[in-house]
Structures are given as C-alpha cells and as structure tokens.
file model_31.cif (mmCIF, C-alpha atoms)
data_coords
loop_
_atom_site.label_atom_id
_atom_site.label_comp_id
_atom_site.auth_asym_id
_atom_site.auth_seq_id
_atom_site.Cartn_x
_atom_site.Cartn_y
_atom_site.Cartn_z
CA LYS A 1 9.00 -9.95 22.98
CA LEU A 2 5.48 -8.58 23.20
CA LEU A 3 4.65 -4.91 22.94
CA PRO A 4 4.48 -3.46 26.48
CA THR A 5 0.98 -2.08 26.11
CA THR A 6 -2.07 -2.67 28.24
CA PHE A 7 -4.76 -2.45 25.57
CA PRO A 8 -5.66 -4.92 22.80
CA PHE A 9 -4.49 -3.16 19.64
CA ASN A 10 -6.24 -4.04 16.40
CA ASP A 11 -3.80 -2.81 13.79
CA ILE A 12 -0.03 -2.53 13.50
CA VAL A 13 1.88 -0.54 10.92
CA SER A 14 5.70 -0.51 10.79
CA LYS A 15 7.75 2.10 8.97
CA SER A 16 11.39 1.29 8.37
CA SER A 17 12.66 4.86 7.91
CA LYS A 18 12.37 5.60 11.60
CA GLN A 19 12.13 2.01 12.79
CA SER A 20 8.83 2.63 14.53
CA ILE A 21 5.81 0.48 15.27
CA PHE A 22 2.40 2.12 15.61
CA SER A 23 -0.13 0.40 17.84
CA ILE A 24 -3.64 1.64 17.13
CA ASN A 25 -6.43 1.56 19.69
CA ASN A 26 -9.65 2.53 17.93
CA LEU A 27 -11.76 2.18 21.07
CA GLU A 28 -9.80 4.87 22.88
CA LYS A 29 -8.83 6.74 19.69
CA ARG A 30 -5.15 6.83 20.38
CA ILE A 31 -1.90 5.56 18.88
CA GLU A 32 1.12 4.37 20.82
CA ILE A 33 4.53 4.58 19.12
CA PHE A 34 7.26 2.04 19.90
CA ASP A 35 10.90 1.74 18.93
CA ILE A 36 11.15 -1.35 16.74
CA GLN A 37 14.42 -2.52 18.32
CA SER A 38 13.83 -2.01 22.04
CA LEU A 39 10.01 -2.08 21.86
CA GLU A 40 10.05 0.80 24.31
CA ARG A 41 7.23 3.31 23.96
CA THR A 42 8.50 6.62 22.60
CA ASP A 43 5.33 8.66 22.12
CA GLU A 44 1.54 8.61 22.19
CA ILE A 45 -0.96 10.37 19.93
CA LYS A 46 -4.39 11.08 21.35
CA LEU A 47 -7.25 12.05 19.08
CA ASP A 48 -10.34 13.83 20.35
CA PRO A 49 -12.50 11.11 21.98
CA ASN A 50 -15.62 13.02 20.90
CA MET A 51 -14.79 12.60 17.22
CA SER A 52 -17.30 10.33 15.48
CA PHE A 53 -14.99 8.38 13.18
CA SER A 54 -15.22 4.59 13.32
CA ALA A 55 -11.54 3.71 12.90
CA ILE A 56 -8.01 4.91 12.30
CA ASN A 57 -7.38 3.20 8.98
CA LYS A 58 -3.97 4.51 7.89
CA VAL A 59 -0.81 5.65 9.67
CA PHE A 60 2.21 6.84 7.67
CA GLU A 61 5.52 8.33 8.78
CA ASP A 62 7.30 10.57 6.25
CA SER A 63 11.02 11.28 5.92
CA LYS A 64 10.77 14.32 8.19
CA ASN A 65 9.24 12.20 10.96
CA ASN A 66 5.79 13.70 10.52
CA ILE A 67 3.08 11.12 11.17
CA TRP A 68 0.02 11.21 8.92
CA ILE A 69 -3.18 9.70 10.25
CA SER A 70 -6.32 8.88 8.29
CA THR A 71 -9.62 8.38 10.10
CA LEU A 72 -12.56 6.55 8.57
CA TYR A 73 -16.24 7.47 8.31
CA PRO A 74 -17.68 4.49 6.39
CA GLU A 75 -21.29 5.70 6.58
CA LYS A 76 -20.24 8.90 4.79
CA GLY A 77 -17.70 7.22 2.54
CA SER A 78 -15.08 9.71 3.66
CA SER A 79 -11.91 10.22 5.68
CA ASP A 80 -10.17 12.96 7.62
CA LEU A 81 -6.41 13.40 7.39
CA PHE A 82 -4.23 14.65 10.25
CA LYS A 83 -0.54 15.47 10.59
CA TYR A 84 1.22 14.86 13.90
CA SER A 85 4.45 16.86 14.26
CA ASP A 86 6.42 18.00 17.31
CA GLY A 87 3.66 16.89 19.65
CA GLU A 88 0.92 18.79 17.79
CA LEU A 89 -1.97 17.21 15.88
CA LEU A 90 -3.35 19.28 12.99
CA GLU A 91 -6.08 18.47 10.48
CA TYR A 92 -5.03 18.65 6.86
CA GLU A 93 -7.53 21.19 5.55
CA PRO A 94 -7.00 21.36 1.75
CA LEU A 95 -8.86 18.11 1.08
CA SER A 96 -11.41 18.25 3.89
CA ASN A 97 -14.33 18.96 1.55
CA ARG A 98 -13.57 16.33 -1.08
CA MET A 99 -11.77 13.49 0.68
CA GLY A 100 -13.19 10.03 0.13
CA ILE A 101 -11.97 6.96 1.98
CA ILE A 102 -8.16 7.04 1.99
CA GLY A 103 -6.72 3.73 0.85
CA ALA A 104 -3.02 4.57 0.53
CA ILE A 105 -0.40 7.17 1.53
CA PHE A 106 3.10 7.28 0.05
CA GLU A 107 6.07 9.67 -0.04
CA ASP A 108 8.07 9.94 -3.26
CA LYS A 109 11.78 10.74 -3.54
CA SER A 110 11.00 14.44 -3.90
CA GLY A 111 9.30 14.45 -0.51
CA ARG A 112 5.82 14.82 -1.96
CA LEU A 113 2.96 12.97 -0.36
CA TRP A 114 0.73 10.84 -2.59
CA ILE A 115 -2.74 10.38 -1.11
CA GLY A 116 -5.08 7.89 -2.70
CA GLU A 117 -8.84 7.60 -2.33
CA ARG A 118 -11.15 7.82 -5.38
CA GLU A 119 -8.52 10.06 -6.98
CA VAL A 120 -4.79 10.63 -6.49
CA PHE A 121 -3.82 13.82 -4.69
CA ILE A 122 -0.20 14.99 -4.47
CA TYR A 123 0.79 17.30 -1.63
CA ASP A 124 4.09 19.21 -1.92
CA PRO A 125 5.22 20.36 1.55
CA GLN A 126 7.79 22.73 0.04
CA THR A 127 5.13 24.79 -1.71
CA ASN A 128 2.23 23.75 0.57
CA LYS A 129 0.18 23.11 -2.55
CA THR A 130 -1.95 20.11 -3.50
CA SER A 131 -2.62 18.90 -7.04
CA PHE A 132 -4.39 15.82 -8.35
CA LEU A 133 -3.70 13.43 -11.19
CA LYS A 134 -6.27 13.32 -13.93
CA ASN A 135 -7.38 10.08 -15.57
CA ILE A 136 -6.92 7.87 -12.49
CA ARG A 137 -10.10 6.51 -10.97
CA GLY A 138 -11.10 3.69 -8.66
CA SER A 139 -10.53 2.99 -4.98
CA ILE A 140 -6.79 3.47 -4.52
CA PHE A 141 -5.25 0.55 -2.62
CA GLN A 142 -1.47 0.90 -2.96
CA PHE A 143 1.28 3.13 -4.37
CA PHE A 144 4.56 1.62 -5.51
CA CYS A 145 7.68 3.38 -6.86
CA ASP A 146 9.81 1.20 -9.14
CA LYS A 147 13.57 1.28 -9.74
CA ASP A 148 13.12 3.80 -12.58
CA GLU A 149 11.13 6.08 -10.26
CA ASN A 150 7.87 5.43 -12.10
CA MET A 151 4.84 5.32 -9.84
CA TRP A 152 2.37 2.44 -9.90
CA VAL A 153 -1.15 2.82 -8.55
CA ALA A 154 -3.17 -0.24 -7.56
CA THR A 155 -6.93 0.20 -7.52
CA HIS A 156 -9.98 -1.84 -6.69
CA GLY A 157 -12.22 -1.73 -9.72
CA ARG A 158 -10.06 0.07 -12.28
CA GLY A 159 -7.02 -2.20 -12.47
CA LEU A 160 -3.44 -0.98 -12.36
CA TYR A 161 -2.02 2.39 -13.44
CA LEU A 162 1.56 3.18 -14.45
CA VAL A 163 2.44 6.86 -13.97
CA LYS A 164 5.44 8.08 -15.98
CA ASP A 165 7.09 11.47 -16.37
CA ASP A 166 5.45 12.92 -13.26
CA GLY A 167 1.97 12.19 -14.56
CA ASN A 168 2.43 13.32 -18.17
CA GLU A 169 2.03 9.71 -19.31
CA ILE A 170 -0.42 7.35 -17.63
CA ILE A 171 -1.02 3.75 -18.74
CA ASN A 172 -3.98 1.76 -17.42
CA PHE A 173 -3.84 -2.05 -17.30
CA ARG A 174 -7.28 -3.67 -17.20
CA LYS A 175 -8.55 -7.20 -17.44
CA LYS A 176 -9.54 -8.06 -21.00
CA VAL A 177 -12.81 -9.86 -21.61
CA ASP A 178 -11.06 -12.81 -23.23
CA GLY A 179 -8.33 -12.76 -20.56
CA THR A 180 -5.47 -12.85 -23.09
CA ASN A 181 -2.26 -11.03 -22.14
CA SER A 182 -3.84 -8.82 -19.52
CA ILE A 183 -4.06 -8.51 -15.78
CA SER A 184 -6.15 -11.30 -14.25
CA ASP A 185 -8.45 -9.05 -12.22
CA ASP A 186 -9.27 -5.34 -11.95
CA HIS A 187 -9.07 -5.45 -8.14
CA VAL A 188 -5.35 -5.08 -7.41
CA ASN A 189 -4.03 -5.56 -3.88
CA PHE A 190 -0.25 -5.50 -4.18
CA ILE A 191 2.62 -4.57 -6.52
CA TYR A 192 6.21 -5.81 -6.20
CA GLN A 193 9.33 -5.52 -8.36
CA ALA A 194 11.71 -8.48 -8.10
CA ASN A 195 15.49 -8.24 -8.33
CA ASP A 196 15.37 -9.17 -12.04
CA ASN A 197 12.97 -6.21 -12.59
CA THR A 198 9.99 -8.48 -13.18
CA PHE A 199 6.79 -7.06 -11.72
CA TRP A 200 4.52 -9.27 -9.64
CA ILE A 201 0.93 -8.14 -9.24
CA GLY A 202 -1.33 -9.56 -6.56
CA THR A 203 -5.05 -9.29 -7.21
CA MET A 204 -8.31 -10.50 -5.71
CA ASN A 205 -8.23 -13.25 -8.33
CA GLY A 206 -4.76 -14.49 -9.09
CA LEU A 207 -1.06 -13.68 -9.14
CA ASN A 208 0.35 -11.94 -12.21
CA LYS A 209 3.90 -12.00 -13.56
CA MET A 210 4.37 -8.88 -15.64
CA VAL A 211 7.41 -8.55 -17.96
CA PHE A 212 8.29 -5.69 -20.29
CA ASN A 213 9.05 -6.73 -23.87
CA PRO A 214 11.42 -4.13 -25.37
CA ASN A 215 10.94 -5.46 -28.92
CA ASN A 216 7.37 -4.19 -29.16
CA GLU A 217 7.41 -2.00 -26.04
CA SER A 218 4.58 -3.93 -24.43
CA TYR A 219 4.00 -5.88 -21.24
CA GLU A 220 3.42 -9.62 -21.19
CA PHE A 221 1.39 -11.30 -18.44
CA THR A 222 1.54 -14.79 -16.95
CA HIS A 223 -1.16 -15.82 -14.48
CA PHE A 224 -1.00 -18.14 -11.48
CA PHE A 225 -4.11 -19.44 -9.75
CA LEU A 226 -5.26 -22.11 -7.32
CA GLN A 227 -5.00 -24.74 -10.04
CA ASP A 228 -1.36 -23.73 -10.58
CA GLY A 229 -0.48 -24.50 -6.97
CA LEU A 230 -1.37 -21.36 -5.03
CA PRO A 231 -3.23 -21.90 -1.73
CA ASN A 232 -5.75 -19.18 -2.60
CA ASN A 233 -6.45 -16.79 -5.47
CA ARG A 234 -6.69 -13.70 -3.26
CA ILE A 235 -3.15 -12.29 -3.01
CA THR A 236 -2.38 -10.01 -0.06
CA GLY A 237 1.41 -9.55 -0.14
CA ILE A 238 4.57 -10.38 -2.13
CA VAL A 239 8.29 -10.29 -1.26
CA GLU A 240 11.47 -11.90 -2.62
CA ASP A 241 14.13 -13.49 -0.40
CA ASP A 242 17.90 -13.79 -0.98
CA ASN A 243 17.52 -17.29 -2.43
CA LYS A 244 15.38 -16.23 -5.41
CA HIS A 245 12.16 -17.40 -3.83
CA LEU A 246 9.00 -15.32 -3.99
CA TRP A 247 6.89 -15.40 -0.84
CA ILE A 248 3.22 -14.80 -1.53
CA GLY A 249 0.68 -14.02 1.14
CA THR A 250 -2.89 -15.12 0.43
CA SER A 251 -6.21 -15.21 2.25
CA ASN A 252 -5.63 -18.89 3.01
CA GLY A 253 -1.98 -19.65 3.63
CA LEU A 254 1.49 -18.61 2.51
CA ALA A 255 3.15 -19.70 -0.73
CA LYS A 256 6.84 -19.93 -1.65
CA MET A 257 7.58 -19.87 -5.38
CA ASN A 258 10.91 -20.89 -6.88
CA LEU A 259 11.51 -18.17 -9.46
CA ALA A 260 13.66 -20.45 -11.61
CA THR A 261 11.10 -23.25 -11.92
CA ASN A 262 7.80 -21.64 -10.81
CA GLU A 263 7.44 -24.54 -8.35
CA ILE A 264 5.15 -23.56 -5.46
CA GLN A 265 5.22 -24.83 -1.88
CA ASN A 266 2.40 -23.86 0.49
CA TYR A 267 2.29 -23.32 4.25
CA PHE A 268 -0.79 -23.31 6.47
CA GLU A 269 -1.71 -23.12 10.16
CA GLU A 270 -0.71 -26.72 10.69
CA ASP A 271 2.79 -25.75 9.48
CA GLY A 272 3.07 -23.11 12.20
CA LEU A 273 1.47 -20.04 10.59
CA LEU A 274 -0.34 -17.78 13.02
#

call {"tool": "encode", "arguments": {"input": "model_31.cif", "output": "structure tokens"}}
result
Amino acid sequence: KLLPTTFPFNDIVSKSSKQSIFSINNLEKRIEIFDIQSLERTDEIKLDPNMSFSAINKVFEDSKNNIWISTLYPEKGSSDLFKYSDGELLEYEPLSNRMGIIGAIFEDKSGRLWIGEREVFIYDPQTNKTSFLKNIRGSIFQFFCDKDENMWVATHGRGLYLVKDDGNEIINFRKKVDGTNSISDDHVNFIYQANDNTFWIGTMNGLNKMVFNPNNESYEFTHFFLQDGLPNNRITGIVEDDNKHLWIGTSNGLAKMNLATNEIQNYFEEDGLL
C-alpha cells in the first residue's frame, strides 16, 4: 500500500516506538506523519516557508512523542534544531550559536537526547540542561547503545568511539597505518550488535567483525571486503535475522552472510532489489 500523499517525498524515517512514518517534503518545508499500520495520516508539521534552509535532514521521535527536526544549511555548515510537541513547533535555543551539521539524534534509557554534529551534546529534559562530551571529534554519523548500555559513536574521519560510565571512559578505535587488528576505515557508517554480542561495523571501506577478548581485555577485528565476497566495500546498514544470517546493505547491492561459515550471497537489481 502506498502512502496516501500527493507530493513526491524525498526522505522517509520510521520510528518503532510510536509506529510512525515521517514523509518529508523539502520543497514545501513540511512533514506528514502516518500511522505505520493503517498508513493513515495523523498529523502534519509545517515549517516557515520563508526559512532559508536547504533540507530537513533528520527527524527523530522521542519516548514522550516529541518530534525533533534538524534543518540543514550546507553553505554555512550548520543546522537548526526544532522540537514539535502538542501541535507547537519551537526552536531549540541552547545550541543555536554553536550547532554544526547534525548527523545523528538518539535517546538513551534515561530519556536524555544525544545530538551529534562535530561534537556530542547531551540534553537532559528533566533538568533542561545541555552538556557535551569532551574528547569526541569528527562528523557524528550514528549513535548506538549496546546491551551493556555503553554508547557507541560512529564518525566520519575520526573512527569509532566507545563511551563507558556515562562518558568517564572513552575509547577511540582508529585505522592503523599497517592495518593490523584495527578498524578498516575511519569513516564509520553503521554499528550493530549481533545476538552473540559480536559487533559488526560498517565503514566506507569494508565490513568489520569486532570481538572482545576477555583474556587481554582488547578487541579483535576481522575485515571483509569486495574480494571476500561483498558486493561493495561501502557498507550502509546491518541487521541479523532469526536464522543467524547477517544482512548487509551496501552502495551496490545487498549481501547475506552466514554467521557460522562467513559464506556471502549477494542480491542486485536483477534479483528484485528496488
């Protein structure tokens, strides 16, 4: 069933907590909200048509059903952040003078909002205060919370960060010059934790299997590239199914990896991919 909308949307974001789909129309600077089951429209957010931003680049719905919207000004290298709640759209002022391009928004289990651009800002709605994490740099691309409630931060340019103990311990994983036992690329697109607690890291150049070794308290990396069977080295998404297969999205096709054998099967447009 197609979304019952009359305009050609150019981005879709789904959020499972409220089962909503957001259809973004950058030409008219508005967002339509649909119920993911019925596909009926439930709300519409209209931004000021006189605003000069070029695109709505992020939409995030928190646990209290507030919708956070990031707008993009590429010529300035900056973003504005808005909160839509109870039919009212308000600009988030605390970061308005220092906000770069927002690459990721995430809510942790404490209800705090993690906002990533060139730094990581943490907004606590209970205190209405914003702090930032020191020692994390790079263009923030994704936040991921693992099963132990550690936060992982994927960046473009500065590799991968592991944030422990609410920021009191931060570990940075970078590509080594010789490539031995390190992440394959410093431009990280995606982080995923499989059911066996193995971490899979998708980068602009290769897939990484990342396993913690408790004997020496270190992480061991295994790399997978085009020559290992992947359809492309640029990894865009990772998810595990119920049959212990890892599905890997790339810039040129979809891969299915058997986690027991590492055997890879690829799918392309001729196989029915859209």

call {"tool": "closest_residue", "arguments": {"input": "model_31.cif", "among": "A:Ser79, A:Asn208, A:Ser110, A:Asn26", "to": "Asp62 of chain A", "atoms": "all atoms listed in the file"}}
result
A:Ser110

call {"tool": "resolve_selection", "arguments": {"input": "model_31.cif", "expression": "the PyMOL selection byres ((chain A and resi 243-251) around 9)", "output": "number ranges by chain"}}
result
A: 194-195, 202, 207, 230-242, 252-260

call {"tool": "axis_aligned_box", "arguments": {"input": "model_31.cif", "around": "segment 128-135 of chain A", "padding_each_side": "5 Å", "output": "AutoDock Vina command-line options"}}
result
--center_x -2.6 --center_y 16.9 --center_z -7.5 --size_x 19.6 --size_y 23.7 --size_z 26.1

call {"tool": "residues_around", "arguments": {"input": "model_31.cif", "residues": "Trp68 of chain A", "least_positions_apart": "6", "cutoff": "12 Å", "atoms": "only C-alpha atoms", "output": "MDAnalysis selection string"}}
result
chainID A and resid 15 22 31 45 56:62 80:85 88:92 102 104:107 113:115

call {"tool": "write_last_selection", "arguments": {"input": "model_31.cif", "atoms": "C-alpha atoms", "output": "mmCIF file, in the frame of the given file"}}
result
data_model
loop_
_atom_site.group_PDB
_atom_site.id
_atom_site.type_symbol
_atom_site.label_atom_id
_atom_site.label_comp_id
_atom_site.auth_asym_id
_atom_site.auth_seq_id
_atom_site.Cartn_x
_atom_site.Cartn_y
_atom_site.Cartn_z
ATOM 1 C CA LYS A 15 7.750 2.100 8.970
ATOM 2 C CA PHE A 22 2.400 2.120 15.610
ATOM 3 C CA ILE A 31 -1.900 5.560 18.880
ATOM 4 C CA ILE A 45 -0.960 10.370 19.930
ATOM 5 C CA ILE A 56 -8.010 4.910 12.300
ATOM 6 C CA ASN A 57 -7.380 3.200 8.980
ATOM 7 C CA LYS A 58 -3.970 4.510 7.890
ATOM 8 C CA VAL A 59 -0.810 5.650 9.670
ATOM 9 C CA PHE A 60 2.210 6.840 7.670
ATOM 10 C CA GLU A 61 5.520 8.330 8.780
ATOM 11 C CA ASP A 62 7.300 10.570 6.250
ATOM 12 C CA ASP A 80 -10.170 12.960 7.620
ATOM 13 C CA LEU A 81 -6.410 13.400 7.390
ATOM 14 C CA PHE A 82 -4.230 14.650 10.250
ATOM 15 C CA LYS A 83 -0.540 15.470 10.590
ATOM 16 C CA TYR A 84 1.220 14.860 13.900
ATOM 17 C CA SER A 85 4.450 16.860 14.260
ATOM 18 C CA GLU A 88 0.920 18.790 17.790
ATOM 19 C CA LEU A 89 -1.970 17.210 15.880
ATOM 20 C CA LEU A 90 -3.350 19.280 12.990
ATOM 21 C CA GLU A 91 -6.080 18.470 10.480
ATOM 22 C CA TYR A 92 -5.030 18.650 6.860
ATOM 23 C CA ILE A 102 -8.160 7.040 1.990
ATOM 24 C CA ALA A 104 -3.020 4.570 0.530
ATOM 25 C CA ILE A 105 -0.400 7.170 1.530
ATOM 26 C CA PHE A 106 3.100 7.280 0.050
ATOM 27 C CA GLU A 107 6.070 9.670 -0.040
ATOM 28 C CA LEU A 113 2.960 12.970 -0.360
ATOM 29 C CA TRP A 114 0.730 10.840 -2.590
ATOM 30 C CA ILE A 115 -2.740 10.380 -1.110
#

call {"tool": "residues_around", "arguments": {"input": "model_31.cif", "residues": "Asp48 of chain A", "least_positions_apart": "2", "cutoff": "9 Å", "atoms": "only C-alpha atoms", "output": "ChimeraX atom specification"}}
result
/A:29-30,46,50-51

call {"tool": "closest_residue", "arguments": {"input": "model_31.cif", "among": "A:Asn181, A:Asn215, A:Gln193, A:Thr130", "to": "Asp148 of chain A", "atoms": "all atoms listed in the file"}}
result
A:Gln193

call {"tool": "build_atoms", "arguments": {"input": "model_31.cif", "residues": "segment 198-215 of chain A", "atoms": "N, CA and C atoms", "output": "PDB file, in the coordinates of the input"}}
result
ATOM      1  N   THR A 198      11.330  -7.983 -12.897  1.00  0.00           N
ATOM      2  CA  THR A 198       9.990  -8.480 -13.180  1.00  0.00           C
ATOM      3  C   THR A 198       9.004  -7.908 -12.153  1.00  0.00           C
ATOM      4  N   PHE A 199       7.829  -7.537 -12.631  1.00  0.00           N
ATOM      5  CA  PHE A 199       6.790  -7.060 -11.720  1.00  0.00           C
ATOM      6  C   PHE A 199       5.836  -8.214 -11.391  1.00  0.00           C
ATOM      7  N   TRP A 200       5.491  -8.291 -10.115  1.00  0.00           N
ATOM      8  CA  TRP A 200       4.520  -9.270  -9.640  1.00  0.00           C
ATOM      9  C   TRP A 200       3.332  -8.526  -9.074  1.00  0.00           C
ATOM     10  N   ILE A 201       2.151  -8.857  -9.580  1.00  0.00           N
ATOM     11  CA  ILE A 201       0.930  -8.140  -9.240  1.00  0.00           C
ATOM     12  C   ILE A 201      -0.016  -9.096  -8.530  1.00  0.00           C
ATOM     13  N   GLY A 202      -0.375  -8.757  -7.299  1.00  0.00           N
ATOM     14  CA  GLY A 202      -1.330  -9.560  -6.560  1.00  0.00           C
ATOM     15  C   GLY A 202      -2.720  -8.972  -6.655  1.00  0.00           C
ATOM     16  N   THR A 203      -3.689  -9.771  -7.036  1.00  0.00           N
ATOM     17  CA  THR A 203      -5.050  -9.290  -7.210  1.00  0.00           C
ATOM     18  C   THR A 203      -6.019 -10.090  -6.336  1.00  0.00           C
ATOM     19  N   MET A 204      -7.284  -9.733  -6.412  1.00  0.00           N
ATOM     20  CA  MET A 204      -8.310 -10.500  -5.710  1.00  0.00           C
ATOM     21  C   MET A 204      -8.574 -11.834  -6.394  1.00  0.00           C
ATOM     22  N   ASN A 205      -8.048 -11.987  -7.602  1.00  0.00           N
ATOM     23  CA  ASN A 205      -8.230 -13.250  -8.330  1.00  0.00           C
ATOM     24  C   ASN A 205      -6.970 -13.568  -9.122  1.00  0.00           C
ATOM     25  N   GLY A 206      -5.950 -13.998  -8.413  1.00  0.00           N
ATOM     26  CA  GLY A 206      -4.760 -14.490  -9.090  1.00  0.00           C
ATOM     27  C   GLY A 206      -3.514 -13.635  -8.923  1.00  0.00           C
ATOM     28  N   LEU A 207      -2.382 -14.317  -9.142  1.00  0.00           N
ATOM     29  CA  LEU A 207      -1.060 -13.680  -9.140  1.00  0.00           C
ATOM     30  C   LEU A 207      -0.639 -13.461 -10.575  1.00  0.00           C
ATOM     31  N   ASN A 208      -0.048 -12.294 -10.849  1.00  0.00           N
ATOM     32  CA  ASN A 208       0.350 -11.940 -12.210  1.00  0.00           C
ATOM     33  C   ASN A 208       1.848 -11.675 -12.276  1.00  0.00           C
ATOM     34  N   LYS A 209       2.518 -12.325 -13.222  1.00  0.00           N
ATOM     35  CA  LYS A 209       3.900 -12.000 -13.560  1.00  0.00           C
ATOM     36  C   LYS A 209       3.861 -11.072 -14.765  1.00  0.00           C
ATOM     37  N   MET A 210       4.483  -9.922 -14.625  1.00  0.00           N
ATOM     38  CA  MET A 210       4.370  -8.880 -15.640  1.00  0.00           C
ATOM     39  C   MET A 210       5.781  -8.503 -16.114  1.00  0.00           C
ATOM     40  N   VAL A 211       6.073  -8.760 -17.405  1.00  0.00           N
ATOM     41  CA  VAL A 211       7.410  -8.550 -17.960  1.00  0.00           C
ATOM     42  C   VAL A 211       7.325  -7.594 -19.136  1.00  0.00           C
ATOM     43  N   PHE A 212       8.258  -6.635 -19.172  1.00  0.00           N
ATOM     44  CA  PHE A 212       8.290  -5.690 -20.290  1.00  0.00           C
ATOM     45  C   PHE A 212       9.042  -6.302 -21.459  1.00  0.00           C
ATOM     46  N   ASN A 213       8.427  -6.245 -22.640  1.00  0.00           N
ATOM     47  CA  ASN A 213       9.050  -6.730 -23.870  1.00  0.00           C
ATOM     48  C   ASN A 213       9.562  -5.529 -24.658  1.00  0.00           C
ATOM     49  N   PRO A 214      10.893  -5.335 -24.694  1.00  0.00           N
ATOM     50  CA  PRO A 214      11.420  -4.130 -25.370  1.00  0.00           C
ATOM     51  C   PRO A 214      11.265  -4.167 -26.884  1.00  0.00           C
ATOM     52  N   ASN A 215      11.054  -5.362 -27.459  1.00  0.00           N
ATOM     53  CA  ASN A 215      10.940  -5.460 -28.920  1.00  0.00           C
ATOM     54  C   ASN A 215       9.700  -4.741 -29.444  1.00  0.00           C
TER      55      ASN A 215
END
